[in-house]
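Data file: protein.cif. Format and content: mmCIF, C-alpha atoms (C1' of nucleotides).
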```cif
data_data
loop_
_atom_site.label_atom_id
_atom_site.label_comp_id
_atom_site.auth_asym_id
_atom_site.auth_seq_id
_atom_site.Cartn_x
_atom_site.Cartn_y
_atom_site.Cartn_z
CA MET D 1 -57.67 -6.91 122.69
CA ASN D 2 -58.44 -9.71 120.29
CA ILE D 3 -61.04 -12.44 120.41
CA ARG D 4 -58.44 -15.02 121.30
CA THR D 5 -57.79 -13.36 124.67
CA LEU D 6 -61.51 -13.04 125.14
CA CYS D 7 -62.07 -16.77 124.65
CA LEU D 8 -59.15 -17.55 126.91
CA GLY D 9 -60.70 -15.38 129.60
CA ILE D 10 -64.11 -16.99 129.34
CA LEU D 11 -62.58 -20.47 129.31
CA SER D 12 -60.54 -19.63 132.40
CA PHE D 13 -63.79 -19.59 134.35
CA GLN D 14 -65.10 -22.84 132.92
CA GLU D 15 -64.33 -25.18 130.06
CA ALA D 16 -66.81 -24.71 127.22
CA SER D 17 -67.60 -25.29 123.56
CA GLY D 18 -67.70 -22.53 120.99
CA TYR D 19 -71.47 -22.61 121.13
CA GLU D 20 -71.43 -22.23 124.90
CA ILE D 21 -68.99 -19.34 124.71
CA LYS D 22 -71.31 -17.56 122.30
CA LYS D 23 -74.22 -18.18 124.65
CA GLU D 24 -72.24 -16.80 127.56
CA ILE D 25 -71.48 -13.69 125.51
CA GLU D 26 -75.13 -13.32 124.55
CA GLU D 27 -76.86 -14.14 127.81
CA GLY D 28 -74.28 -14.28 130.56
CA MET D 29 -72.35 -11.76 132.57
CA PHE D 30 -70.32 -10.79 129.52
CA SER D 31 -73.29 -9.75 127.40
CA HIS D 32 -73.20 -6.17 128.63
CA PHE D 33 -69.77 -5.35 127.27
CA ILE D 34 -68.71 -8.05 124.81
CA ASP D 35 -69.91 -8.97 121.36
CA ALA D 36 -68.58 -11.71 119.10
CA SER D 37 -69.96 -13.93 116.37
CA TYR D 38 -69.41 -17.60 115.57
CA GLY D 39 -67.35 -16.52 112.63
CA SER D 40 -64.75 -15.14 114.99
CA ILE D 41 -65.12 -17.54 117.92
CA TYR D 42 -64.57 -20.82 116.06
CA PRO D 43 -61.42 -19.70 114.24
CA ALA D 44 -60.09 -18.23 117.49
CA LEU D 45 -60.53 -21.54 119.30
CA SER D 46 -58.82 -23.47 116.48
CA GLN D 47 -55.93 -21.05 116.62
CA LEU D 48 -55.66 -21.22 120.40
CA ASN D 49 -55.60 -24.99 120.12
CA ALA D 50 -52.88 -24.86 117.46
CA GLU D 51 -50.86 -22.60 119.76
CA GLY D 52 -51.26 -25.00 122.67
CA LEU D 53 -53.11 -22.48 124.82
CA VAL D 54 -56.20 -24.67 125.04
CA THR D 55 -56.95 -28.38 124.63
CA VAL D 56 -60.00 -29.92 123.00
CA ARG D 57 -62.05 -32.90 124.03
CA ALA D 58 -64.76 -34.18 121.71
CA GLU D 59 -68.02 -35.07 123.42
CA GLU D 60 -70.16 -37.39 121.34
CA GLN D 61 -73.72 -36.35 120.79
CA THR D 62 -76.59 -38.12 119.09
CA GLY D 63 -77.98 -36.27 116.11
CA ARG D 64 -75.69 -33.27 116.52
CA PRO D 65 -72.09 -32.59 115.63
CA ASP D 66 -69.71 -33.64 118.38
CA LYS D 67 -69.40 -31.01 121.02
CA LYS D 68 -65.83 -29.77 121.16
CA VAL D 69 -65.12 -28.81 124.72
CA TYR D 70 -62.14 -26.50 125.17
CA SER D 71 -60.05 -26.15 128.34
CA VAL D 72 -57.28 -23.67 129.07
CA THR D 73 -53.79 -25.04 129.51
CA ASP D 74 -51.17 -23.61 131.84
CA ALA D 75 -49.60 -21.89 128.85
CA GLY D 76 -53.04 -20.45 128.10
CA ARG D 77 -53.39 -19.13 131.62
CA ALA D 78 -49.99 -17.47 131.32
CA ALA D 79 -50.92 -15.96 127.96
CA LEU D 80 -54.15 -14.61 129.46
CA ALA D 81 -52.33 -13.02 132.39
CA LYS D 82 -49.94 -11.38 129.96
CA GLY D 83 -52.73 -10.28 127.62
CA LEU D 84 -54.57 -8.62 130.51
CA LEU D 85 -51.57 -6.54 131.50
CA VAL D 86 -52.12 -3.88 128.87
CA ILE D 87 -53.92 -0.62 129.58
CA PRO D 88 -57.34 -1.29 128.10
CA ALA D 89 -58.33 0.43 124.88
CA ARG D 90 -61.03 3.06 125.03
CA ASP D 91 -64.58 1.72 125.24
CA LYS D 92 -66.40 1.46 121.96
CA TYR D 93 -70.02 2.45 122.02
CA LYS D 94 -72.25 2.53 118.99
CA SER D 95 -75.85 3.58 119.27
CA GLU D 96 -78.23 3.77 116.38
CA PHE D 97 -80.79 4.88 118.92
CA LEU D 98 -78.89 8.06 119.84
CA PHE D 99 -78.16 8.72 116.19
CA GLU D 100 -81.86 8.57 115.39
CA MET D 101 -82.72 10.78 118.32
CA LEU D 102 -80.46 13.43 116.84
CA PHE D 103 -83.08 13.80 114.10
CA LYS D 104 -85.99 13.91 116.51
CA ASN D 105 -87.62 16.91 114.85
CA MET D 106 -87.61 15.20 111.44
CA LEU D 107 -89.37 12.06 112.61
CA PRO D 108 -92.98 11.32 113.57
CA ASP D 109 -93.72 11.35 117.32
CA ALA D 110 -94.99 7.79 117.20
CA HIS D 111 -91.65 6.57 115.88
CA ILE D 112 -89.69 8.51 118.50
CA ARG D 113 -91.84 7.01 121.19
CA LEU D 114 -91.32 3.49 119.84
CA ALA D 115 -87.58 3.98 119.60
CA ILE D 116 -87.30 5.28 123.16
CA GLU D 117 -89.45 2.44 124.48
CA LYS D 118 -87.31 -0.08 122.62
CA GLN D 119 -84.17 1.40 124.12
CA LEU D 120 -85.67 1.37 127.59
CA HIS D 121 -86.65 -2.24 127.07
CA ASP D 122 -83.10 -3.12 126.04
CA LEU D 123 -81.64 -1.39 129.08
CA ARG D 124 -84.03 -3.18 131.41
CA GLU D 125 -83.28 -6.51 129.78
CA ASP D 126 -79.59 -5.90 130.32
CA LEU D 127 -80.22 -4.95 133.94
CA SER D 128 -82.30 -8.03 134.67
CA ARG D 129 -79.68 -10.26 133.04
CA MET D 130 -77.17 -8.84 135.49
CA ALA D 131 -79.49 -9.31 138.43
CA GLU D 132 -79.93 -12.93 137.35
CA CYS D 133 -76.20 -13.51 137.17
CA ARG D 134 -75.89 -12.10 140.66
CA ALA D 135 -78.68 -14.30 141.94
CA GLU D 136 -77.08 -17.38 140.46
CA GLY D 137 -74.04 -16.77 142.60
CA GLN D 138 -70.69 -17.45 140.89
CA THR D 139 -69.64 -13.93 141.79
CA ASN D 140 -66.11 -12.83 142.55
CA GLU D 141 -64.53 -9.47 143.21
CA GLY D 142 -64.23 -8.79 139.49
CA SER D 143 -67.79 -9.65 138.56
CA GLU D 144 -69.08 -7.58 141.47
CA PHE D 145 -67.16 -4.62 140.11
CA ILE D 146 -68.42 -4.90 136.56
CA MET D 147 -72.00 -5.56 137.59
CA GLY D 148 -71.87 -2.53 139.86
CA TYR D 149 -70.59 -0.44 136.99
CA GLY D 150 -73.14 -1.83 134.57
CA GLU D 151 -75.99 -1.25 136.98
CA ALA D 152 -74.91 2.32 137.64
CA VAL D 153 -74.70 3.15 133.96
CA LEU D 154 -77.80 1.29 132.79
CA THR D 155 -79.94 2.59 135.64
CA ALA D 156 -78.91 6.15 134.85
CA GLY D 157 -79.85 5.66 131.19
CA ALA D 158 -83.19 4.09 132.07
CA LYS D 159 -84.05 6.87 134.51
CA TYR D 160 -83.32 9.48 131.86
CA LEU D 161 -85.52 7.74 129.31
CA GLU D 162 -88.37 7.24 131.80
CA ALA D 163 -88.37 10.97 132.47
CA LYS D 164 -88.37 11.70 128.74
CA ILE D 165 -91.29 9.35 128.11
CA ALA D 166 -93.23 11.05 130.89
CA GLU D 167 -92.61 14.37 129.12
CA LEU D 168 -93.99 12.91 125.92
CA GLN D 169 -97.36 12.36 127.58
CA PRO D 170 -98.40 15.71 129.04
CA ASN D 171 -102.00 14.96 128.06
CA ILE D 172 -102.17 11.91 130.28
CA LYS D 173 -100.69 13.86 133.15
CA LEU D 174 -103.25 16.62 132.67
CA ALA D 175 -106.07 14.11 132.64
CA ALA D 176 -104.86 12.74 135.96
CA GLU D 177 -104.85 16.13 137.66
CA MET L 178 -77.71 1.12 110.03
CA ASN L 179 -74.80 1.44 107.64
CA ILE L 180 -72.13 4.08 107.32
CA ARG L 181 -73.81 5.59 104.29
CA THR L 182 -76.80 6.67 106.37
CA LEU L 183 -74.41 7.91 109.01
CA CYS L 184 -72.59 10.15 106.54
CA LEU L 185 -75.87 11.34 105.11
CA GLY L 186 -76.98 12.31 108.59
CA ILE L 187 -73.82 14.20 109.41
CA LEU L 188 -73.89 15.96 106.04
CA SER L 189 -77.51 16.95 106.60
CA PHE L 190 -76.27 19.32 109.31
CA GLN L 191 -73.47 20.79 107.27
CA GLU L 192 -71.63 20.06 104.06
CA ALA L 193 -68.23 18.53 104.77
CA SER L 194 -65.28 16.59 103.44
CA GLY L 195 -64.47 13.03 104.43
CA TYR L 196 -61.75 14.34 106.68
CA GLU L 197 -64.15 16.72 108.38
CA ILE L 198 -66.72 13.98 108.89
CA LYS L 199 -64.07 11.87 110.59
CA LYS L 200 -63.13 14.81 112.80
CA GLU L 201 -66.76 15.35 113.70
CA ILE L 202 -67.04 11.67 114.64
CA GLU L 203 -63.87 11.88 116.72
CA GLU L 204 -64.29 15.23 118.43
CA GLY L 205 -67.81 16.44 117.85
CA MET L 206 -71.20 15.61 119.25
CA PHE L 207 -71.19 12.25 117.54
CA SER L 208 -68.03 11.01 119.21
CA HIS L 209 -69.89 9.51 122.14
CA PHE L 210 -71.88 6.98 120.14
CA ILE L 211 -70.37 6.71 116.66
CA ASP L 212 -67.13 5.25 115.42
CA ALA L 213 -65.94 5.01 111.83
CA SER L 214 -62.62 4.95 110.04
CA TYR L 215 -61.42 6.58 106.82
CA GLY L 216 -61.52 3.17 105.21
CA SER L 217 -65.29 3.16 105.53
CA ILE L 218 -66.05 6.87 105.22
CA TYR L 219 -64.37 7.53 101.87
CA PRO L 220 -65.93 4.56 100.07
CA ALA L 221 -69.32 5.46 101.58
CA LEU L 222 -69.08 9.01 100.20
CA SER L 223 -68.10 7.76 96.74
CA GLN L 224 -71.03 5.39 96.77
CA LEU L 225 -73.46 8.07 97.94
CA ASN L 226 -72.21 10.28 95.14
CA ALA L 227 -72.67 7.51 92.59
CA GLU L 228 -76.22 7.05 93.84
CA GLY L 229 -76.95 10.76 93.53
CA LEU L 230 -77.61 11.20 97.24
CA VAL L 231 -74.79 13.71 97.62
CA THR L 232 -72.89 16.05 95.30
CA VAL L 233 -69.18 16.83 95.40
CA ARG L 234 -67.37 20.10 94.95
CA ALA L 235 -63.58 20.14 94.76
CA GLU L 236 -61.92 22.91 96.73
CA GLU L 237 -58.40 23.58 95.59
CA GLN L 238 -55.71 23.61 98.25
CA THR L 239 -52.03 24.42 98.09
CA GLY L 240 -49.78 21.55 99.07
CA ARG L 241 -52.64 19.22 99.95
CA PRO L 242 -54.99 17.09 97.91
CA ASP L 243 -58.09 18.98 96.80
CA LYS L 244 -60.69 19.03 99.51
CA LYS L 245 -63.80 17.23 98.29
CA VAL L 246 -66.75 18.89 99.92
CA TYR L 247 -69.92 16.80 99.92
CA SER L 248 -73.48 18.16 100.15
CA VAL L 249 -76.72 16.23 100.53
CA THR L 250 -79.17 16.36 97.63
CA ASP L 251 -82.95 16.26 97.98
CA ALA L 252 -82.83 12.57 97.11
CA GLY L 253 -80.26 12.19 99.89
CA ARG L 254 -82.51 13.91 102.39
CA ALA L 255 -85.34 11.60 101.41
CA ALA L 256 -83.09 8.55 101.74
CA LEU L 257 -82.00 9.73 105.17
CA ALA L 258 -85.58 10.20 106.35
CA LYS L 259 -86.40 6.72 105.14
CA GLY L 260 -83.26 5.24 106.67
CA LEU L 261 -84.12 6.74 110.05
CA LEU L 262 -87.57 5.20 110.11
CA VAL L 263 -86.38 1.80 111.28
CA ILE L 264 -86.46 0.77 114.92
CA PRO L 265 -82.81 1.20 115.90
CA ALA L 266 -80.67 -1.88 116.44
CA ARG L 267 -79.54 -2.64 119.96
CA ASP L 268 -76.62 -0.55 121.22
CA LYS L 269 -73.23 -2.12 120.85
CA TYR L 270 -70.88 -1.65 123.72
CA LYS L 271 -67.43 -3.16 123.92
CA SER L 272 -65.26 -2.55 126.92
CA GLU L 273 -61.82 -4.00 127.37
CA PHE L 274 -61.77 -2.17 130.66
CA LEU L 275 -64.68 -4.14 132.10
CA PHE L 276 -63.26 -7.36 130.72
CA GLU L 277 -60.00 -6.71 132.52
CA MET L 278 -61.76 -5.82 135.73
CA LEU L 279 -63.36 -9.25 135.64
CA PHE L 280 -59.91 -10.62 136.41
CA LYS L 281 -59.20 -8.12 139.16
CA ASN L 282 -57.90 -10.73 141.59
CA MET L 283 -55.37 -12.03 139.06
CA LEU L 284 -53.80 -8.65 138.36
CA PRO L 285 -51.49 -6.40 140.38
CA ASP L 286 -53.17 -3.58 142.28
CA ALA L 287 -51.08 -0.97 140.50
CA HIS L 288 -52.39 -2.13 137.14
CA ILE L 289 -56.00 -2.12 138.33
CA ARG L 290 -55.56 1.39 139.61
CA LEU L 291 -54.06 2.56 136.32
CA ALA L 292 -56.85 0.94 134.32
CA ILE L 293 -59.57 2.53 136.46
CA GLU L 294 -57.91 5.92 136.27
CA LYS L 295 -57.62 5.62 132.50
CA GLN L 296 -61.31 4.75 132.23
CA LEU L 297 -62.25 7.66 134.47
CA HIS L 298 -60.12 9.93 132.32
CA ASP L 299 -61.89 8.71 129.17
CA LEU L 300 -65.31 9.28 130.71
CA ARG L 301 -64.39 12.80 131.78
CA GLU L 302 -62.97 13.57 128.37
CA ASP L 303 -66.22 12.44 126.81
CA LEU L 304 -68.20 14.56 129.25
CA SER L 305 -66.16 17.68 128.63
CA ARG L 306 -66.46 17.20 124.88
CA MET L 307 -70.22 17.24 125.32
CA ALA L 308 -70.11 20.30 127.52
CA GLU L 309 -68.05 22.02 124.84
CA CYS L 310 -70.55 21.13 122.12
CA ARG L 311 -73.28 22.56 124.29
CA ALA L 312 -71.33 25.75 124.92
CA GLU L 313 -70.70 26.22 121.21
CA GLY L 314 -74.44 26.43 120.65
CA GLN L 315 -75.67 24.65 117.52
CA THR L 316 -78.06 22.68 119.71
CA ASN L 317 -81.46 21.43 118.65
CA GLU L 318 -84.04 19.25 120.34
CA GLY L 319 -82.25 16.11 119.19
CA SER L 320 -78.79 17.07 120.34
CA GLU L 321 -80.20 18.18 123.71
CA PHE L 322 -81.68 14.73 124.10
CA ILE L 323 -78.56 12.80 123.28
CA MET L 324 -76.30 15.03 125.36
CA GLY L 325 -78.68 14.64 128.28
CA TYR L 326 -78.55 10.88 127.86
CA GLY L 327 -74.78 10.85 127.46
CA GLU L 328 -74.27 13.03 130.51
CA ALA L 329 -76.54 10.87 132.63
CA VAL L 330 -74.75 7.68 131.65
CA LEU L 331 -71.19 9.00 131.75
CA THR L 332 -71.70 10.80 135.04
CA ALA L 333 -73.05 7.63 136.63
CA GLY L 334 -70.04 5.68 135.41
CA ALA L 335 -67.60 8.31 136.63
CA LYS L 336 -69.25 8.47 140.05
CA TYR L 337 -69.00 4.72 140.42
CA LEU L 338 -65.31 4.72 139.53
CA GLU L 339 -64.53 7.63 141.83
CA ALA L 340 -66.06 5.70 144.72
CA LYS L 341 -64.03 2.61 143.77
CA ILE L 342 -60.80 4.58 143.61
CA ALA L 343 -61.53 6.01 147.03
CA GLU L 344 -61.94 2.45 148.31
CA LEU L 345 -58.56 1.57 146.86
CA GLN L 346 -56.90 4.16 149.10
CA PRO L 347 -58.02 3.39 152.64
CA ASN L 348 -54.54 4.30 153.85
CA ILE L 349 -54.86 7.87 152.61
CA LYS L 350 -58.25 8.16 154.21
CA LEU L 351 -56.90 6.86 157.50
CA ALA L 352 -54.08 9.35 157.39
CA ALA L 353 -56.58 12.17 156.96
CA GLU L 354 -58.70 11.12 159.92
"C1'" DT E 355 -98.62 -32.03 111.42
"C1'" DG E 356 -96.00 -28.45 110.99
"C1'" DA E 357 -93.63 -24.25 112.46
"C1'" DG E 358 -90.25 -22.70 115.05
"C1'" DC E 359 -86.63 -23.00 118.32
"C1'" DA E 360 -82.47 -25.06 120.59
"C1'" DT E 361 -78.31 -27.55 119.90
"C1'" DA E 362 -73.73 -27.59 117.44
"C1'" DT E 363 -70.12 -26.65 114.04
"C1'" DA E 364 -68.58 -24.41 110.11
"C1'" DT E 365 -68.04 -21.41 105.98
"C1'" DC E 366 -68.09 -17.17 103.39
"C1'" DA E 367 -69.18 -12.74 101.11
"C1'" DA E 368 -69.48 -8.24 102.64
"C1'" DT E 369 -68.22 -4.87 105.78
"C1'" DT E 370 -65.08 -2.55 108.77
"C1'" DT E 371 -60.85 -1.57 111.03
"C1'" DG E 372 -56.31 0.10 111.65
"C1'" DG E 373 -52.16 0.96 109.66
"C1'" DC E 374 -49.64 2.65 105.89
"C1'" DA E 375 -48.55 5.72 101.77
"C1'" DT E 376 -48.41 10.26 99.84
"C1'" DA E 377 -47.62 15.22 100.16
"C1'" DT E 378 -46.91 19.74 102.52
"C1'" DA E 379 -46.71 23.26 106.04
"C1'" DG E 380 -46.09 24.89 110.69
"C1'" DC E 381 -44.34 24.57 115.30
"C1'" DA E 382 -41.52 23.13 119.14
"C1'" DA E 383 -37.79 20.90 121.18
"C1'" DA E 384 -33.00 19.13 121.01
"C1'" DT H 385 -30.90 24.10 112.69
"C1'" DT H 386 -32.38 19.97 111.94
"C1'" DT H 387 -35.40 16.70 113.55
"C1'" DG H 388 -39.61 15.06 114.85
"C1'" DC H 389 -44.46 15.82 115.74
"C1'" DT H 390 -48.94 17.48 114.48
"C1'" DA H 391 -52.47 18.92 111.28
"C1'" DT H 392 -54.48 18.78 106.77
"C1'" DA H 393 -56.38 15.59 103.09
"C1'" DT H 394 -57.33 11.44 100.28
"C1'" DG H 395 -56.91 6.83 99.50
"C1'" DC H 396 -55.45 1.72 99.58
"C1'" DC H 397 -55.12 -2.71 101.55
"C1'" DA H 398 -54.37 -6.78 104.52
"C1'" DA H 399 -56.45 -8.51 108.39
"C1'" DA H 400 -60.27 -8.95 111.46
"C1'" DT H 401 -65.16 -9.25 112.12
"C1'" DT H 402 -69.96 -9.54 111.13
"C1'" DG H 403 -74.16 -11.50 109.74
"C1'" DA H 404 -76.20 -14.75 107.04
"C1'" DT H 405 -76.46 -19.25 105.49
"C1'" DA H 406 -75.71 -24.46 105.35
"C1'" DT H 407 -76.23 -28.86 107.65
"C1'" DA H 408 -78.54 -32.02 110.74
"C1'" DT H 409 -81.75 -33.44 114.43
"C1'" DG H 410 -84.88 -33.50 118.30
"C1'" DC H 411 -88.19 -31.09 121.12
"C1'" DT H 412 -92.23 -28.26 122.14
"C1'" DC H 413 -96.38 -25.72 121.37
"C1'" DA H 414 -100.45 -24.77 118.67
#
```

If you took the structure in this file and wrote it as structure tokens, what would it be?
Amino acid sequence: MNIRTLCLGILSFQEASGYEIKKEIEEGMFSHFIDASYGSIYPALSQLNAEGLVTVRAEEQTGRPDKKVYSVTDAGRAALAKGLLVIPARDKYKSEFLFEMLFKNMLPDAHIRLAIEKQLHDLREDLSRMAECRAEGQTNEGSEFIMGYGEAVLTAGAKYLEAKIAELQPNIKLAAE
Amino acid sequence: MNIRTLCLGILSFQEASGYEIKKEIEEGMFSHFIDASYGSIYPALSQLNAEGLVTVRAEEQTGRPDKKVYSVTDAGRAALAKGLLVIPARDKYKSEFLFEMLFKNMLPDAHIRLAIEKQLHDLREDLSRMAECRAEGQTNEGSEFIMGYGEAVLTAGAKYLEAKIAELQPNIKLAAE
DNA sequence: TGAGCATATATCAATTTGGCATATAGCAAA
DNA sequence: TTTGCTATATGCCAAATTGATATATGCTCA
């Protein structure tokens, strides 16, 4: 699936500028499983516009470039529906964290601890972003599904890491006994 | 973290050719959280060789190009250790599956079912690959950690999907009652 | 006052992907 | 038996994507 379909999908929920799409991808519901940079979003929107799948409306701003607000056309909605009808490609997951952990015995304990805590922090951040999106309403059957999935997966990861951190501190446990 | 460090890490376990590194990334322990193509692996190995971080040995083959077997040098091991001492970047996760599910209500039930079953299949494949790696031995503290993490996360995802599939088939359940 | 962040678009070198080319051998199905 | 598929093995290349930077301004916090 290409970025064009992605933008089309996001715009099908609400008209938005390139900047707003990026924000949605970074902070919104999509953040858990989508990643895209300006360098791909802006060209994608131009192309979609050229293909007649979206329309643009320039909103004047003072002191900033005009905001270009994109809306999906009927042709765009049709293209989206068609683009969604493929069996999805396998998930792509890249984790520098897990790669580093593979070399646990080569690295100082303090670094391992930091890395695990960072990962745990990231997972919790992701979880709370989802909780926020839920709280803000705007949920439909689809978003319920993906948030349920995300919560299941992230919670399982966090639990695992919490247990591992506890193991790292046997001294503290002993002191408490 | 760049592909060069990745190759260095994989080679630190065992000398290998570019082809073998790719296989390891596709089928081995690394498959869960690493992805890389020939187009990045081969140039990375050439560069590592030019930098003196690995050495090459050509193994003659009949009917195939010579196998170029790469081994890490001491300088390479040092570079790896240094490269691992950064706080890992945030995980990157891209899922066309979840994106599609967001549009559940727009898509035919049959397609949704297929997509979920495909995802479940992928998760199980990933899980069994890990189980295999465990069975084959070759485990260390690091690989135990990452396989534990992977199992936790994948199992949680699979459980969630199994429950959702069950929900999709209330008719079958009713028939069984 | 000044640093840093948010808004907003856009470009671009560097990286990375995914498909193709090349070459051969083995195996299974038509 | 021939045809097509898979595995081995390296490498190239167009196309897609990233991540950083440029440009411009107003707001907030110390």

Can you tell me how far atom CA of Arg134 of chain D sits from atom CA of Ile34 of chain D, in Å to one decimal? 17.9 Å

Please report as a PyMOL selection string which residues of chain L come no farther than 9 Å from chain D, using only C-alpha atoms. chain L and resi 178+183+186+207+209-212+258+261-285+288+291-292+295-296+299+317-323+325-327+329-334+336-338+341

Can you list what the PyMOL selection byres ((chain E) within 9 of (chain D)) grabs from this structure, as a PyMOL selection string? chain E and resi 361-365

Store the residues picked out above, limited to C-alpha atoms (C1' of nucleotides), as an mmCIF file, in the coordinates of the input.
```cif
data_model
loop_
_atom_site.group_PDB
_atom_site.id
_atom_site.type_symbol
_atom_site.label_atom_id
_atom_site.label_comp_id
_atom_site.auth_asym_id
_atom_site.auth_seq_id
_atom_site.Cartn_x
_atom_site.Cartn_y
_atom_site.Cartn_z
ATOM 1 C "C1'" DT E 361 -78.310 -27.550 119.900
ATOM 2 C "C1'" DA E 362 -73.730 -27.590 117.440
ATOM 3 C "C1'" DT E 363 -70.120 -26.650 114.040
ATOM 4 C "C1'" DA E 364 -68.580 -24.410 110.110
ATOM 5 C "C1'" DT E 365 -68.040 -21.410 105.980
#
```

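Selected on chain H by distance to chain L: DA391, DT392, DA393, DT394, DG395, DC396 and DC397 of chain H (within 12 Å, counting all atoms listed in the file).
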
Atom pair atom CA of Lys22 of chain D / atom CA of Asp74 of chain D: separation (Å):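 Going from atom CA of Lys22 of chain D over to atom CA of Asp74 of chain D, I get 23.1 Å.
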
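Nearest residue to Ala75 of chain D, choosing from D:Leu8, D:Arg57, D:Glu136, D:Gln169 and counting only C-alpha atoms: D:Leu8.
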
Write out as a list in words which residues come within 8 Å of Thr73 of chain D when counting all atoms listed in the file, dropping same-chain ones fewer than 4 positions away. Gly52, Leu53, Val54, Thr55 and Arg77 of chain D

What's the separation between atom CA of Leu127 of chain D and atom CA of Glu24 of chain D, in Å to one decimal place? 15.6 Å

Counting only C-alpha atoms (C1' of nucleotides), find residues at most 10 Å from (-98.3, -24.4, 116.7) (file frame) and give them as a ChimeraX atom specification. /E:355-358 /H:412-414

Excluding same-chain residues fewer than 6 positions from DA384 of chain E, what lies within 12 Å of it counting only C-alpha atoms (C1' of nucleotides), as a list in words?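 Listing them by chain and then by number gives DT385, DT386, DT387 and DG388 of chain H.
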
Sphere at (-47.5, 0.2, 104.0), radius 12 Å, counting all atoms listed in the file: residues as a list of chain:residue names: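 Residues close enough to count: E:DG372, E:DG373, E:DC374, E:DA375, E:DT376, H:DC396, H:DC397, H:DA398.
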
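Applied to this file, the PyMOL selection byres ((chain E and resi 382) around 9) selects the residues E:DC381, E:DA383, H:DC389.
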
Could you please fill out segment 229-241 of chain L with N, CA and C atoms and send it back as an mmCIF file, keeping the file's coordinate frame?
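Once written, selection-v5.cif looks like this:
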```cif
data_model
loop_
_atom_site.group_PDB
_atom_site.id
_atom_site.type_symbol
_atom_site.label_atom_id
_atom_site.label_comp_id
_atom_site.auth_asym_id
_atom_site.auth_seq_id
_atom_site.Cartn_x
_atom_site.Cartn_y
_atom_site.Cartn_z
ATOM 1 N N GLY L 229 -76.278 9.463 93.656
ATOM 2 C CA GLY L 229 -76.950 10.760 93.530
ATOM 3 C C GLY L 229 -77.528 11.294 94.821
ATOM 4 N N LEU L 230 -77.083 10.746 95.954
ATOM 5 C CA LEU L 230 -77.610 11.200 97.240
ATOM 6 C C LEU L 230 -76.799 12.366 97.814
ATOM 7 N N VAL L 231 -75.604 12.538 97.266
ATOM 8 C CA VAL L 231 -74.790 13.710 97.620
ATOM 9 C C VAL L 231 -74.138 14.251 96.343
ATOM 10 N N THR L 232 -73.680 15.497 96.400
ATOM 11 C CA THR L 232 -72.890 16.050 95.300
ATOM 12 C C THR L 232 -71.518 16.422 95.845
ATOM 13 N N VAL L 233 -70.533 16.453 94.960
ATOM 14 C CA VAL L 233 -69.180 16.830 95.400
ATOM 15 C C VAL L 233 -68.759 18.130 94.743
ATOM 16 N N ARG L 234 -67.956 18.877 95.467
ATOM 17 C CA ARG L 234 -67.370 20.100 94.950
ATOM 18 C C ARG L 234 -65.914 20.072 95.398
ATOM 19 N N ALA L 235 -65.015 20.204 94.415
ATOM 20 C CA ALA L 235 -63.580 20.140 94.760
ATOM 21 C C ALA L 235 -63.071 21.519 95.119
ATOM 22 N N GLU L 236 -62.517 21.640 96.319
ATOM 23 C CA GLU L 236 -61.920 22.910 96.730
ATOM 24 C C GLU L 236 -60.421 22.774 96.607
ATOM 25 N N GLU L 237 -59.840 23.668 95.794
ATOM 26 C CA GLU L 237 -58.400 23.580 95.590
ATOM 27 C C GLU L 237 -57.641 24.002 96.841
ATOM 28 N N GLN L 238 -56.550 23.301 97.092
ATOM 29 C CA GLN L 238 -55.710 23.610 98.250
ATOM 30 C C GLN L 238 -54.271 23.668 97.759
ATOM 31 N N THR L 239 -53.456 24.409 98.449
ATOM 32 C CA THR L 239 -52.030 24.420 98.090
ATOM 33 C C THR L 239 -51.315 23.411 98.973
ATOM 34 N N GLY L 240 -50.590 22.501 98.322
ATOM 35 C CA GLY L 240 -49.780 21.550 99.070
ATOM 36 C C GLY L 240 -50.531 20.363 99.625
ATOM 37 N N ARG L 241 -51.826 20.352 99.482
ATOM 38 C CA ARG L 241 -52.640 19.220 99.950
ATOM 39 C C ARG L 241 -53.503 18.733 98.803
#
```
